[in-house]
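Source file: work37.csv (CSV, C-alpha atoms)
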```csv
chain,number,residue,atom,x,y,z
A,945,MET,CA,-16.2,39.6,12.8
A,946,ALA,CA,-12.9,40.5,11.0
A,947,LYS,CA,-11.0,38.8,13.7
A,948,LYS,CA,-13.1,35.6,13.3
A,949,LYS,CA,-12.4,35.6,9.6
A,950,ASN,CA,-8.6,36.0,10.1
A,951,LYS,CA,-8.6,33.1,12.7
A,952,LYS,CA,-10.4,30.9,10.2
A,953,LYS,CA,-7.9,31.8,7.4
A,954,GLU,CA,-5.0,31.2,9.7
A,955,ALA,CA,-6.3,27.7,10.7
A,956,SER,CA,-6.8,26.7,7.1
A,957,SER,CA,-3.4,27.8,6.1
A,958,GLN,CA,-1.9,25.6,8.8
A,959,LEU,CA,-3.6,22.5,7.4
A,960,GLY,CA,-1.1,19.6,7.6
A,961,LYS,CA,1.5,21.7,9.4
A,962,LYS,CA,2.8,21.3,12.9
A,963,LYS,CA,5.9,22.6,14.7
A,964,GLU,CA,8.6,20.0,15.0
A,965,THR,CA,9.3,18.6,18.5
A,966,ALA,CA,12.8,18.8,20.0
A,967,ARG,CA,13.2,15.1,19.3
A,968,GLU,CA,12.2,15.5,15.7
A,969,LYS,CA,14.7,18.3,15.3
A,970,MET,CA,17.4,16.1,16.8
A,971,ILE,CA,16.9,13.1,14.5
A,972,GLY,CA,15.9,15.2,11.5
A,973,GLN,CA,12.8,13.1,10.8
A,974,SER,CA,9.1,13.4,11.4
A,975,ILE,CA,7.5,11.1,14.0
A,976,GLY,CA,4.0,9.9,13.2
A,977,TYR,CA,1.6,11.2,10.6
A,978,ARG,CA,0.3,14.7,10.4
A,979,TYR,CA,-2.7,13.8,8.4
A,980,ASP,CA,-5.4,11.1,8.6
A,981,VAL,CA,-4.0,8.1,6.7
A,982,ASN,CA,-7.3,6.3,7.2
A,983,LEU,CA,-9.3,8.9,5.4
A,984,LEU,CA,-11.4,7.1,2.8
A,985,PRO,CA,-11.5,8.8,-0.6
A,986,ASP,CA,-14.7,10.7,-1.7
A,987,TYR,CA,-15.2,9.5,-5.2
A,988,LYS,CA,-17.4,12.5,-6.0
A,989,LYS,CA,-14.2,14.6,-6.0
A,990,ILE,CA,-12.3,12.5,-8.5
A,991,THR,CA,-10.5,14.5,-11.3
A,992,PRO,CA,-10.9,13.8,-15.0
A,993,PHE,CA,-7.3,12.8,-15.3
A,994,LEU,CA,-7.7,10.2,-12.6
A,995,LYS,CA,-10.8,8.8,-14.4
A,996,LYS,CA,-8.6,8.4,-17.5
A,997,TYR,CA,-5.8,6.8,-15.5
A,998,ILE,CA,-8.2,4.2,-13.9
A,999,GLU,CA,-9.6,3.4,-17.4
A,1000,ALA,CA,-6.2,3.0,-18.9
A,1001,MET,CA,-5.1,0.6,-16.1
A,1002,GLY,CA,-8.4,-1.4,-16.4
A,1003,TRP,CA,-9.3,-0.9,-12.7
A,1004,ASP,CA,-12.7,-0.2,-11.2
A,1005,ASP,CA,-11.6,2.4,-8.7
A,1006,LEU,CA,-8.6,4.4,-7.4
A,1007,ASN,CA,-6.9,1.1,-6.4
A,1008,TRP,CA,-3.5,1.8,-4.8
A,1009,LEU,CA,-4.2,5.6,-5.0
A,1010,GLU,CA,-6.7,5.2,-2.1
A,1011,ASP,CA,-3.7,5.3,0.2
A,1012,VAL,CA,-2.2,8.5,-1.3
A,1013,HIS,CA,-2.8,11.7,0.7
A,1014,MET,CA,-1.5,15.2,0.6
A,1015,GLY,CA,1.0,15.5,3.4
A,1016,TYR,CA,3.9,17.9,3.9
A,1017,GLU,CA,7.6,18.0,4.0
A,1018,GLU,CA,9.4,20.9,5.8
A,1019,GLY,CA,6.1,22.8,6.1
A,1020,LYS,CA,5.4,22.6,2.4
A,1021,PRO,CA,2.6,20.6,0.8
A,1022,ALA,CA,4.0,17.4,-0.6
A,1023,VAL,CA,3.1,13.9,-1.7
A,1024,PHE,CA,5.1,10.8,-0.9
A,1025,CYS,CA,6.4,8.9,-3.9
A,1026,ARG,CA,7.1,5.2,-2.9
A,1027,ASN,CA,9.0,4.5,-6.0
A,1028,ALA,CA,11.5,7.4,-5.4
A,1029,ASN,CA,11.3,6.9,-1.6
A,1030,GLY,CA,10.9,10.6,-1.1
A,1031,TRP,CA,8.5,13.5,-0.8
A,1032,VAL,CA,7.6,15.4,-3.9
A,1033,THR,CA,7.1,19.0,-3.0
A,1034,ILE,CA,4.1,20.8,-4.6
A,1035,PRO,CA,5.2,24.2,-6.1
A,1036,LYS,CA,3.7,27.4,-4.9
A,1037,SER,CA,2.2,28.1,-8.3
A,1038,ILE,CA,-0.3,25.3,-7.8
A,1039,LYS,CA,-3.1,26.6,-5.6
A,1040,LEU,CA,-4.4,24.0,-3.2
A,1041,PRO,CA,-7.9,23.9,-1.8
A,1042,ASN,CA,-8.4,23.8,2.0
A,1043,ASN,CA,-10.5,20.6,1.9
A,1044,GLN,CA,-8.5,17.5,2.5
A,1045,GLN,CA,-10.5,15.3,0.1
A,1046,ASP,CA,-9.8,17.8,-2.8
A,1047,ARG,CA,-6.2,18.1,-1.7
A,1048,ASP,CA,-5.8,14.3,-1.8
A,1049,MET,CA,-7.3,14.0,-5.3
A,1050,ILE,CA,-4.8,16.6,-6.5
A,1051,ALA,CA,-2.0,14.7,-4.7
A,1052,ARG,CA,-3.0,11.5,-6.5
A,1053,GLU,CA,-3.0,13.2,-9.9
A,1054,LEU,CA,0.3,14.9,-9.4
A,1055,LEU,CA,1.9,11.7,-8.1
A,1056,VAL,CA,0.8,9.7,-11.1
A,1057,LYS,CA,2.1,12.4,-13.5
A,1058,PHE,CA,5.4,12.5,-11.6
A,1059,GLN,CA,5.8,8.7,-11.6
A,1060,MET,CA,5.0,8.5,-15.4
A,1061,SER,CA,7.3,11.4,-16.2
A,1062,PRO,CA,10.5,10.6,-18.1
A,1063,LYS,CA,12.3,12.7,-15.5
A,1064,HIS,CA,11.3,10.4,-12.6
A,1065,PRO,CA,14.5,9.3,-10.7
A,1066,LEU,CA,13.6,5.7,-11.3
A,1067,VAL,CA,14.1,6.1,-15.0
A,1068,ASP,CA,17.8,6.8,-14.6
A,1069,LEU,CA,18.2,4.1,-12.0
A,1070,LYS,CA,16.5,1.5,-14.2
A,1071,LYS,CA,18.8,2.5,-17.2
A,1072,ALA,CA,21.8,2.1,-15.0
A,1073,TYR,CA,21.0,-1.0,-13.0
A,1074,LEU,CA,18.2,-3.0,-14.7
A,1075,LYS,CA,19.3,-6.6,-15.2
A,1076,PHE,CA,16.4,-8.2,-17.0
B,838,MET,CA,50.1,-3.3,20.3
B,839,ALA,CA,50.9,0.4,20.5
B,840,ASN,CA,47.1,1.3,20.3
B,841,LEU,CA,45.9,-1.3,22.7
B,842,LYS,CA,45.3,1.3,25.5
B,843,ASN,CA,43.1,3.4,23.2
B,844,VAL,CA,41.1,0.5,21.9
B,845,THR,CA,40.3,-0.9,25.3
B,846,LYS,CA,39.0,2.5,26.4
B,847,LYS,CA,36.3,2.6,23.8
B,848,THR,CA,32.9,0.9,24.3
B,849,LYS,CA,31.8,-1.6,21.7
B,850,ALA,CA,29.5,1.0,20.2
B,851,GLN,CA,32.2,3.6,19.9
B,852,ALA,CA,34.5,1.1,18.3
B,853,MET,CA,31.8,0.5,15.7
B,854,GLY,CA,31.6,4.3,15.1
B,855,MET,CA,28.1,4.6,16.4
B,856,HIS,CA,29.0,7.5,18.8
B,857,SER,CA,29.5,9.8,15.8
B,858,GLU,CA,26.2,8.8,14.1
B,859,VAL,CA,24.3,11.9,12.8
B,860,LEU,CA,20.7,11.3,12.0
B,861,THR,CA,20.1,14.5,10.0
B,862,GLY,CA,19.1,13.0,6.7
B,863,ARG,CA,15.8,14.1,5.2
B,864,THR,CA,14.2,12.3,2.4
B,865,GLN,CA,15.5,13.3,-1.0
B,866,GLN,CA,14.0,16.6,-2.2
B,867,LYS,CA,12.0,16.4,-5.4
B,868,PHE,CA,9.8,19.1,-6.8
B,869,PHE,CA,6.8,18.5,-9.0
B,870,ASN,CA,6.9,20.1,-12.4
B,871,PRO,CA,3.5,21.6,-13.2
B,872,ASP,CA,4.2,21.3,-16.9
B,873,GLU,CA,4.3,17.4,-16.9
B,874,ALA,CA,2.3,16.0,-19.8
B,875,GLU,CA,-0.5,13.4,-19.5
B,876,ASN,CA,1.2,10.1,-20.1
B,877,PHE,CA,-0.3,6.7,-19.1
B,878,TYR,CA,2.9,4.8,-19.4
B,879,TYR,CA,5.4,3.7,-16.8
B,880,PHE,CA,9.0,3.6,-18.0
B,881,GLY,CA,10.2,0.1,-18.7
B,882,THR,CA,6.8,-1.5,-18.9
B,883,TYR,CA,5.2,-3.2,-22.0
B,884,ASP,CA,2.4,-1.5,-23.9
B,885,VAL,CA,-0.1,-4.3,-23.9
B,886,ASP,CA,-3.6,-4.5,-25.4
B,887,PHE,CA,-6.3,-6.0,-23.2
B,888,ASN,CA,-8.1,-7.2,-26.4
B,889,LYS,CA,-5.1,-9.3,-27.5
B,890,ARG,CA,-5.6,-12.7,-25.8
B,891,THR,CA,-3.6,-15.9,-25.6
B,892,ASP,CA,-3.3,-19.1,-23.6
B,893,LEU,CA,-0.3,-20.5,-21.9
B,894,ASP,CA,-0.1,-24.2,-20.7
B,895,VAL,CA,2.4,-24.4,-17.9
B,896,LYS,CA,1.9,-28.2,-17.2
B,897,ASN,CA,5.4,-29.1,-18.3
B,898,LEU,CA,7.1,-25.8,-17.3
B,899,THR,CA,8.9,-24.9,-14.0
B,900,ALA,CA,7.7,-21.7,-12.2
B,901,ALA,CA,10.7,-19.8,-13.5
B,902,GLU,CA,10.1,-20.9,-17.0
B,903,ALA,CA,6.4,-20.1,-16.8
B,904,ASN,CA,7.1,-16.6,-15.4
B,905,LYS,CA,9.7,-15.9,-18.2
B,906,GLU,CA,7.2,-17.0,-20.8
B,907,LEU,CA,4.6,-14.6,-19.3
B,908,ASP,CA,7.1,-11.8,-19.6
B,909,ASN,CA,7.8,-12.8,-23.2
B,910,LEU,CA,4.0,-12.7,-24.1
B,911,MET,CA,3.6,-9.3,-22.5
B,912,SER,CA,6.6,-8.0,-24.6
B,913,GLN,CA,4.6,-9.2,-27.7
B,914,GLY,CA,1.7,-7.0,-26.6
B,915,TYR,CA,-0.7,-9.6,-25.1
B,916,GLY,CA,-2.9,-7.9,-22.5
B,917,THR,CA,-5.0,-11.0,-21.6
B,918,ILE,CA,-3.3,-14.2,-20.8
B,919,VAL,CA,-5.0,-17.4,-19.6
B,920,ILE,CA,-2.7,-19.8,-17.7
B,921,LYS,CA,-3.8,-23.4,-18.0
B,922,ASN,CA,-2.7,-26.3,-15.7
B,923,PRO,CA,-1.0,-24.2,-12.9
B,924,GLN,CA,-1.2,-27.4,-10.8
B,925,GLY,CA,-0.4,-25.7,-7.5
B,926,LYS,CA,3.0,-24.6,-8.6
B,927,HIS,CA,4.7,-22.1,-6.2
B,928,SER,CA,5.7,-18.6,-7.1
B,929,LEU,CA,3.7,-18.3,-10.3
B,930,GLY,CA,3.1,-14.8,-11.6
B,931,VAL,CA,5.5,-13.1,-9.3
B,932,GLY,CA,6.9,-9.7,-10.1
B,933,ILE,CA,4.6,-8.5,-12.8
B,934,LEU,CA,5.1,-4.8,-13.0
B,935,ASN,CA,2.7,-4.2,-15.8
B,936,LYS,CA,-0.9,-3.7,-16.5
B,937,LEU,CA,-2.3,-7.1,-17.6
B,938,ASN,CA,-5.4,-9.2,-17.4
B,939,LEU,CA,-4.3,-12.6,-16.1
B,940,ILE,CA,-6.5,-15.6,-15.5
B,941,PHE,CA,-5.3,-18.8,-13.8
B,942,GLU,CA,-7.5,-21.9,-14.6
B,943,GLY,CA,-6.6,-23.9,-11.4
B,944,SER,CA,-4.9,-23.5,-8.1
B,945,LEU,CA,-1.6,-21.9,-7.1
B,946,GLY,CA,0.9,-23.0,-4.4
B,947,TYR,CA,2.9,-20.7,-2.1
B,948,PHE,CA,3.8,-17.0,-2.9
B,949,GLY,CA,1.6,-16.8,-6.0
B,950,MET,CA,1.4,-13.3,-7.6
B,951,GLY,CA,3.9,-11.9,-5.1
B,952,SER,CA,5.4,-8.4,-5.6
B,953,SER,CA,3.1,-7.5,-8.4
B,954,ASP,CA,2.4,-3.9,-9.5
B,955,GLY,CA,-0.7,-3.3,-11.6
B,956,PRO,CA,-2.2,-6.5,-13.1
B,957,ILE,CA,-5.8,-7.7,-12.7
B,958,VAL,CA,-5.7,-11.4,-11.8
B,959,ARG,CA,-8.4,-14.0,-11.4
B,960,ILE,CA,-7.5,-17.4,-9.9
B,961,ASN,CA,-10.3,-20.0,-10.4
B,962,GLY,CA,-9.1,-22.2,-7.6
B,963,ARG,CA,-7.3,-22.0,-4.3
B,964,VAL,CA,-4.0,-20.4,-3.2
B,965,GLY,CA,-1.4,-21.5,-0.7
B,966,TRP,CA,0.5,-19.4,1.8
B,967,SER,CA,1.4,-15.8,1.3
B,968,CYS,CA,-0.6,-15.1,-1.8
B,969,ALA,CA,0.1,-11.7,-3.3
B,970,GLU,CA,2.7,-10.9,-0.7
B,971,ASN,CA,4.0,-7.3,-1.2
B,972,LEU,CA,1.3,-6.5,-3.8
B,973,MET,CA,1.9,-2.9,-4.9
B,974,ALA,CA,-1.1,-2.2,-7.1
B,975,GLY,CA,-3.8,-4.0,-9.1
B,976,LYS,CA,-6.5,-6.5,-8.3
B,977,VAL,CA,-6.2,-10.1,-7.4
B,978,VAL,CA,-9.4,-12.2,-7.0
B,979,ILE,CA,-9.4,-15.8,-5.6
B,980,GLU,CA,-12.5,-17.7,-6.3
B,981,LYS,CA,-12.0,-20.3,-3.5
B,982,ASN,CA,-10.0,-20.4,-0.2
B,983,ALA,CA,-6.6,-19.1,0.7
B,984,GLY,CA,-3.8,-20.2,3.1
B,985,SER,CA,-2.1,-18.4,5.8
B,986,CYS,CA,-0.3,-15.0,5.5
B,987,PHE,CA,-2.8,-13.9,2.8
B,988,GLY,CA,-1.7,-10.5,1.6
B,989,ALA,CA,1.3,-10.3,3.8
B,990,ALA,CA,3.0,-6.9,3.7
B,991,ILE,CA,0.9,-5.5,0.8
B,992,ARG,CA,1.4,-1.9,0.0
B,993,GLY,CA,-1.6,-1.2,-2.3
B,994,GLY,CA,-4.2,-2.7,-4.6
B,995,ASP,CA,-7.2,-4.9,-3.9
B,996,LEU,CA,-6.8,-8.5,-2.8
B,997,ILE,CA,-10.0,-10.5,-2.7
B,998,CYS,CA,-10.7,-14.0,-1.5
B,999,LYS,CA,-14.3,-15.1,-2.0
B,1000,GLY,CA,-13.8,-18.1,0.4
B,1001,SER,CA,-12.1,-18.3,3.7
B,1002,VAL,CA,-8.5,-17.5,4.6
B,1003,GLY,CA,-6.0,-18.8,7.2
B,1004,ALA,CA,-4.1,-17.1,10.0
B,1005,ARG,CA,-2.1,-13.9,9.9
B,1006,THR,CA,-4.0,-12.4,7.0
B,1007,GLY,CA,-2.7,-8.9,6.2
B,1008,ILE,CA,0.3,-9.3,8.5
B,1009,ASP,CA,2.5,-6.2,8.4
B,1010,MET,CA,0.4,-4.6,5.6
B,1011,LYS,CA,1.2,-1.1,4.7
B,1012,GLY,CA,-1.6,-0.1,2.5
B,1013,GLY,CA,-4.2,-1.5,0.1
B,1014,THR,CA,-7.5,-3.4,0.8
B,1015,ILE,CA,-8.0,-7.1,1.6
B,1016,ILE,CA,-11.5,-8.4,1.2
B,1017,ILE,CA,-12.6,-11.8,2.5
B,1018,GLY,CA,-16.0,-13.3,1.7
B,1019,GLY,CA,-15.8,-16.1,4.3
B,1020,ASP,CA,-14.0,-16.4,7.6
B,1021,ALA,CA,-10.5,-15.4,8.6
B,1022,GLY,CA,-8.1,-17.1,11.0
B,1023,ALA,CA,-6.2,-16.0,14.1
B,1024,PHE,CA,-4.0,-12.9,14.2
B,1025,THR,CA,-5.7,-11.2,11.3
B,1026,GLY,CA,-4.2,-7.8,10.7
B,1027,PHE,CA,-1.2,-8.6,12.9
B,1028,MET,CA,1.1,-5.6,13.1
B,1029,MET,CA,-0.7,-3.9,10.3
B,1030,GLN,CA,0.5,-0.3,9.7
B,1031,ARG,CA,-1.9,1.0,7.2
B,1032,GLY,CA,-4.6,-0.1,4.8
B,1033,ARG,CA,-8.0,-1.8,5.2
B,1034,ILE,CA,-9.2,-5.4,5.8
B,1035,ILE,CA,-12.9,-6.3,5.2
B,1036,ILE,CA,-14.1,-9.7,6.6
B,1037,LEU,CA,-17.7,-10.6,5.9
B,1038,GLY,CA,-17.6,-13.8,8.0
B,1039,ASP,CA,-16.2,-14.6,11.4
B,1040,VAL,CA,-12.6,-14.0,12.5
B,1041,GLY,CA,-10.4,-15.9,15.0
B,1042,ILE,CA,-8.5,-14.8,18.1
B,1043,ASN,CA,-6.2,-11.8,18.5
B,1044,LEU,CA,-7.7,-9.7,15.7
B,1045,GLY,CA,-5.5,-6.7,14.9
B,1046,ASP,CA,-2.9,-7.6,17.4
B,1047,SER,CA,-0.2,-4.9,17.8
B,1048,MET,CA,-1.7,-2.9,14.9
B,1049,TYR,CA,-0.1,0.6,14.5
B,1050,ASP,CA,-2.7,2.0,12.1
B,1051,GLY,CA,-5.2,1.0,9.5
B,1052,THR,CA,-8.8,-0.2,9.7
B,1053,ILE,CA,-10.5,-3.6,10.0
B,1054,PHE,CA,-14.2,-4.1,9.2
B,1055,VAL,CA,-15.8,-7.3,10.4
B,1056,GLY,CA,-19.3,-8.6,9.5
B,1057,GLY,CA,-19.4,-11.7,11.7
B,1058,GLU,CA,-18.2,-12.7,15.2
B,1059,ILE,CA,-14.8,-11.8,16.6
B,1060,GLY,CA,-12.8,-14.5,18.5
B,1061,SER,CA,-11.0,-11.9,20.6
B,1062,TYR,CA,-9.2,-8.6,20.1
B,1063,GLY,CA,-5.5,-8.4,20.0
B,1064,SER,CA,-3.3,-6.0,21.9
B,1065,ASP,CA,-4.2,-2.3,21.1
B,1066,ALA,CA,-7.1,-3.2,18.8
B,1067,VAL,CA,-10.2,-1.2,19.7
B,1068,ASP,CA,-13.7,-0.6,18.4
B,1069,SER,CA,-14.5,2.6,16.5
B,1070,GLU,CA,-17.6,4.2,15.2
B,1071,LEU,CA,-18.7,3.2,11.7
B,1072,THR,CA,-19.4,6.4,9.9
B,1073,GLN,CA,-21.7,7.1,6.8
B,1074,SER,CA,-18.5,7.6,4.8
B,1075,ASP,CA,-17.3,4.1,5.8
B,1076,GLN,CA,-20.6,2.6,4.8
B,1077,ASP,CA,-20.6,4.3,1.4
B,1078,TRP,CA,-17.0,3.1,0.8
B,1079,LEU,CA,-17.7,-0.4,1.9
B,1080,ARG,CA,-20.7,-0.7,-0.4
B,1081,ARG,CA,-18.6,0.5,-3.3
B,1082,LYS,CA,-15.7,-1.8,-2.5
B,1083,LEU,CA,-17.9,-4.9,-2.2
B,1084,ARG,CA,-19.3,-4.1,-5.6
B,1085,VAL,CA,-15.7,-4.0,-7.0
B,1086,ALA,CA,-15.0,-7.3,-5.2
B,1087,GLU,CA,-18.1,-8.9,-6.7
B,1088,ILE,CA,-19.2,-10.3,-3.3
B,1089,GLY,CA,-21.6,-9.4,-0.5
B,1090,GLU,CA,-24.1,-7.8,-2.9
B,1091,ASN,CA,-26.9,-7.9,-0.3
B,1092,PHE,CA,-24.7,-7.6,2.8
B,1093,ASP,CA,-25.8,-5.1,5.4
B,1094,VAL,CA,-22.7,-3.0,5.9
B,1095,SER,CA,-24.4,-0.8,8.5
B,1096,LYS,CA,-24.1,-3.7,11.0
B,1097,MET,CA,-20.3,-4.2,10.5
B,1098,LYS,CA,-17.8,-3.6,13.3
B,1099,LYS,CA,-15.0,-1.2,12.8
B,1100,ILE,CA,-11.7,-1.9,14.5
B,1101,VAL,CA,-8.8,0.5,14.7
B,1102,ALA,CA,-5.5,0.9,16.6
B,1103,GLY,CA,-5.8,2.3,20.1
B,1104,LYS,CA,-2.3,3.9,19.4
B,1105,LYS,CA,-1.0,3.0,22.8
B,1106,LEU,CA,1.9,1.4,21.1
B,1107,TRP,CA,2.9,4.7,19.5
B,1108,ASN,CA,6.0,5.1,21.8
B,1109,TYR,CA,8.7,5.6,19.2
B,1110,ASP,CA,9.7,9.0,20.7
B,1111,ASN,CA,10.3,7.6,24.2
B,1112,LEU,CA,11.2,4.0,23.4
B,1113,GLU,CA,13.8,4.6,20.8
B,1114,PRO,CA,16.5,6.3,22.9
B,1115,ALA,CA,16.0,3.8,25.7
B,1116,GLU,CA,16.4,0.9,23.3
B,1117,LYS,CA,19.4,2.5,21.8
B,1118,LYS,CA,21.0,2.9,25.3
B,1119,GLY,CA,20.3,-0.7,26.1
B,1120,ALA,CA,21.9,-1.8,22.8
B,1121,ILE,CA,25.0,0.2,23.5
```

Go through the file and emit its structure as structure tokens.
Amino acid sequence: MAKKKNKKKEASSQLGKKKETAREKMIGQSIGYRYDVNLLPDYKKITPFLKKYIEAMGWDDLNWLEDVHMGYEEGKPAVFCRNANGWVTIPKSIKLPNNQQDRDMIARELLVKFQMSPKHPLVDLKKAYLKF
Amino acid sequence: MANLKNVTKKTKAQAMGMHSEVLTGRTQQKFFNPDEAENFYYFGTYDVDFNKRTDLDVKNLTAAEANKELDNLMSQGYGTIVIKNPQGKHSLGVGILNKLNLIFEGSLGYFGMGSSDGPIVRINGRVGWSCAENLMAGKVVIEKNAGSCFGAAIRGGDLICKGSVGARTGIDMKGGTIIIGGDAGAFTGFMMQRGRIIILGDVGINLGDSMYDGTIFVGGEIGSYGSDAVDSELTQSDQDWLRRKLRVAEIGENFDVSKMKKIVAGKKLWNYDNLEPAEKKGAI
């Protein structure tokens, strides 16, 4: 029974992780997705922050955030920021659930907070290069 | 002249420095700060009020002048803008990176609302080619028909056409949702990589040709399937989401989503790992 429990725990901790192939090691990039990009959001899991964000933007649903999922970068949970063109790694202090729908909602919330932060890399870029 | 021997020994690729190419770059590493405050404002955008409304007559303006005036109105805090007499001008409303409620009283030409990020747009007419190309976020609703390449390369947001659309709808799309109340032309979802297309009517030949990923839902008849487009099972989760999305799109209120067909990529074209070195070798 204890063995079964351990196996279950091990499987859940490996969510979104996979060993790199030799080819991936060589080119230093991931090939293909390690999570289901077609997973539709479960609106019952939406967080209060996301509700406020949708209201502030005047939308009816998650809109572009429907395509945001919790992935990983170098074995660590991360969310891809299209504005910074890079993965934003989730710190260990944030405990993540094992359910992908819950993880995706957290990813969406963290991404919005990251993009609206004055420390977002695009802020410096805009200050330096914005023409009009 | 002295180096001629060395130069002729090198292949073309070596001379270009490709032999020393090192593909080790990861994406830039950024760490999320858990102490980030709640803030509903993107840097560089205007703080507009949806209740502050104005009209803009673009009859005697060029597209560039009209777009500049739109920007000017947003800078004054107008959150709802009604564009009068668009008269089928091309490239109207492009590059709006702001939350905004925008209404066009008429039809648009080519490339209307391209590269937008955030606005809610209603077009009370038709649109030409490549409407909302590269849409990042927001909602664009077209009350009548749309031309070819509708929603080409969109990354996110909802793009809705209550009428019918031309060929190559959603070509190369990388996210977002395209919803069509009527019929769609040939090569719908051509080379799509991600995102979702919903067609309540019929669709032409080569549906989802060379699609890498993403999902297409069809309510009517399919002309033919494109290369690597295959049927998939419509789940309860799909049906719930479809009902919700159609409510948002204000169409298909009584449409029976349980009878829709779901088309996905067969993933037989996922050959990057094997194909890439071979292609590289051929190029060298």

Residues of chain A within 7 Å of chain B, only C-alpha atoms counted, as a list in words: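 So the contacting residues turn out to be Ile971, Gly972, Gln973, Asn982, Tyr997, Ala1000, Met1001, Asp1004, Asn1007, Trp1008, Asp1011, Gly1030, Trp1031, Val1032, Thr1033, Ile1034, Pro1035, Lys1057, Phe1058, Met1060, Ser1061 and Val1067 of chain A.
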
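Our summary of the geometry notes that atom CA of Pro1041 of chain A is positioned 17.8 Å from atom CA of Leu984 of chain A.
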
d(atom CA of Val1055 of chain B, atom CA of Thr1025 of chain B) in Å: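 So the answer is 10.9 Å.
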
Between atom CA of Val1023 of chain A and atom CA of Ile1100 of chain B, distance in Å (one decimal):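 Separation between atom CA of Val1023 of chain A and atom CA of Ile1100 of chain B: 27.0 Å.
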
Extract, using all atoms listed in the file, all DNA, RNA and protein residues at most 12 Å from Asp1046 of chain A, discarding same-chain residues fewer than 3 positions from it, and format them as an mmCIF file with C-alpha atoms, in the frame of the given file.
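Contents of the output file out-v1.cif:
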```cif
data_model
loop_
_atom_site.group_PDB
_atom_site.id
_atom_site.type_symbol
_atom_site.label_atom_id
_atom_site.label_comp_id
_atom_site.auth_asym_id
_atom_site.auth_seq_id
_atom_site.Cartn_x
_atom_site.Cartn_y
_atom_site.Cartn_z
ATOM 1 C CA PRO A 985 -11.500 8.800 -0.600
ATOM 2 C CA ASP A 986 -14.700 10.700 -1.700
ATOM 3 C CA TYR A 987 -15.200 9.500 -5.200
ATOM 4 C CA LYS A 988 -17.400 12.500 -6.000
ATOM 5 C CA LYS A 989 -14.200 14.600 -6.000
ATOM 6 C CA ILE A 990 -12.300 12.500 -8.500
ATOM 7 C CA THR A 991 -10.500 14.500 -11.300
ATOM 8 C CA HIS A 1013 -2.800 11.700 0.700
ATOM 9 C CA MET A 1014 -1.500 15.200 0.600
ATOM 10 C CA LYS A 1039 -3.100 26.600 -5.600
ATOM 11 C CA LEU A 1040 -4.400 24.000 -3.200
ATOM 12 C CA PRO A 1041 -7.900 23.900 -1.800
ATOM 13 C CA ASN A 1042 -8.400 23.800 2.000
ATOM 14 C CA ASN A 1043 -10.500 20.600 1.900
ATOM 15 C CA MET A 1049 -7.300 14.000 -5.300
ATOM 16 C CA ILE A 1050 -4.800 16.600 -6.500
ATOM 17 C CA ALA A 1051 -2.000 14.700 -4.700
ATOM 18 C CA ARG A 1052 -3.000 11.500 -6.500
ATOM 19 C CA GLU A 1053 -3.000 13.200 -9.900
#
```

Could you name the residues that touch Ile1042 of chain B at 10 Å or less, counting all atoms listed in the file, but leaving out those on the same chain fewer than 2 positions away, as a PDB file with C-alpha atoms, keeping the file's coordinate frame?
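Written output follows (part_0.pdb):
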```pdb
ATOM      1  CA  ALA B1004      -4.100 -17.100  10.000  1.00  0.00           C
ATOM      2  CA  ALA B1021     -10.500 -15.400   8.600  1.00  0.00           C
ATOM      3  CA  GLY B1022      -8.100 -17.100  11.000  1.00  0.00           C
ATOM      4  CA  ALA B1023      -6.200 -16.000  14.100  1.00  0.00           C
ATOM      5  CA  PHE B1024      -4.000 -12.900  14.200  1.00  0.00           C
ATOM      6  CA  THR B1025      -5.700 -11.200  11.300  1.00  0.00           C
ATOM      7  CA  VAL B1040     -12.600 -14.000  12.500  1.00  0.00           C
ATOM      8  CA  LEU B1044      -7.700  -9.700  15.700  1.00  0.00           C
ATOM      9  CA  GLY B1045      -5.500  -6.700  14.900  1.00  0.00           C
ATOM     10  CA  ASP B1046      -2.900  -7.600  17.400  1.00  0.00           C
ATOM     11  CA  ILE B1059     -14.800 -11.800  16.600  1.00  0.00           C
ATOM     12  CA  GLY B1060     -12.800 -14.500  18.500  1.00  0.00           C
ATOM     13  CA  SER B1061     -11.000 -11.900  20.600  1.00  0.00           C
ATOM     14  CA  TYR B1062      -9.200  -8.600  20.100  1.00  0.00           C
ATOM     15  CA  GLY B1063      -5.500  -8.400  20.000  1.00  0.00           C
TER      16      GLY B1063
END
```

Nearby residues (only C-alpha atoms) at most 8 Å from Gly1026 of chain B, same-chain spacing under 6 positions excluded, as JSON, numbers by chain: {"B": [1005, 1006, 1007, 1008, 1009, 1010, 1034, 1044, 1045, 1046, 1048, 1053]}

Selection above as a file: C-alpha atoms, as a tab-separated table (two decimals), in the frame of the given file:
```tsv
chain	number	residue	atom	x	y	z
B	1005	ARG	CA	-2.10	-13.90	9.90
B	1006	THR	CA	-4.00	-12.40	7.00
B	1007	GLY	CA	-2.70	-8.90	6.20
B	1008	ILE	CA	0.30	-9.30	8.50
B	1009	ASP	CA	2.50	-6.20	8.40
B	1010	MET	CA	0.40	-4.60	5.60
B	1034	ILE	CA	-9.20	-5.40	5.80
B	1044	LEU	CA	-7.70	-9.70	15.70
B	1045	GLY	CA	-5.50	-6.70	14.90
B	1046	ASP	CA	-2.90	-7.60	17.40
B	1048	MET	CA	-1.70	-2.90	14.90
B	1053	ILE	CA	-10.50	-3.60	10.00
```

Neighbours of point (9.8, -13.5, -17.4) within 12 Å, using only C-alpha atoms, written as a PyMOL selection string: (chain A and resi 1075-1076) or (chain B and resi 899-912+929-935)
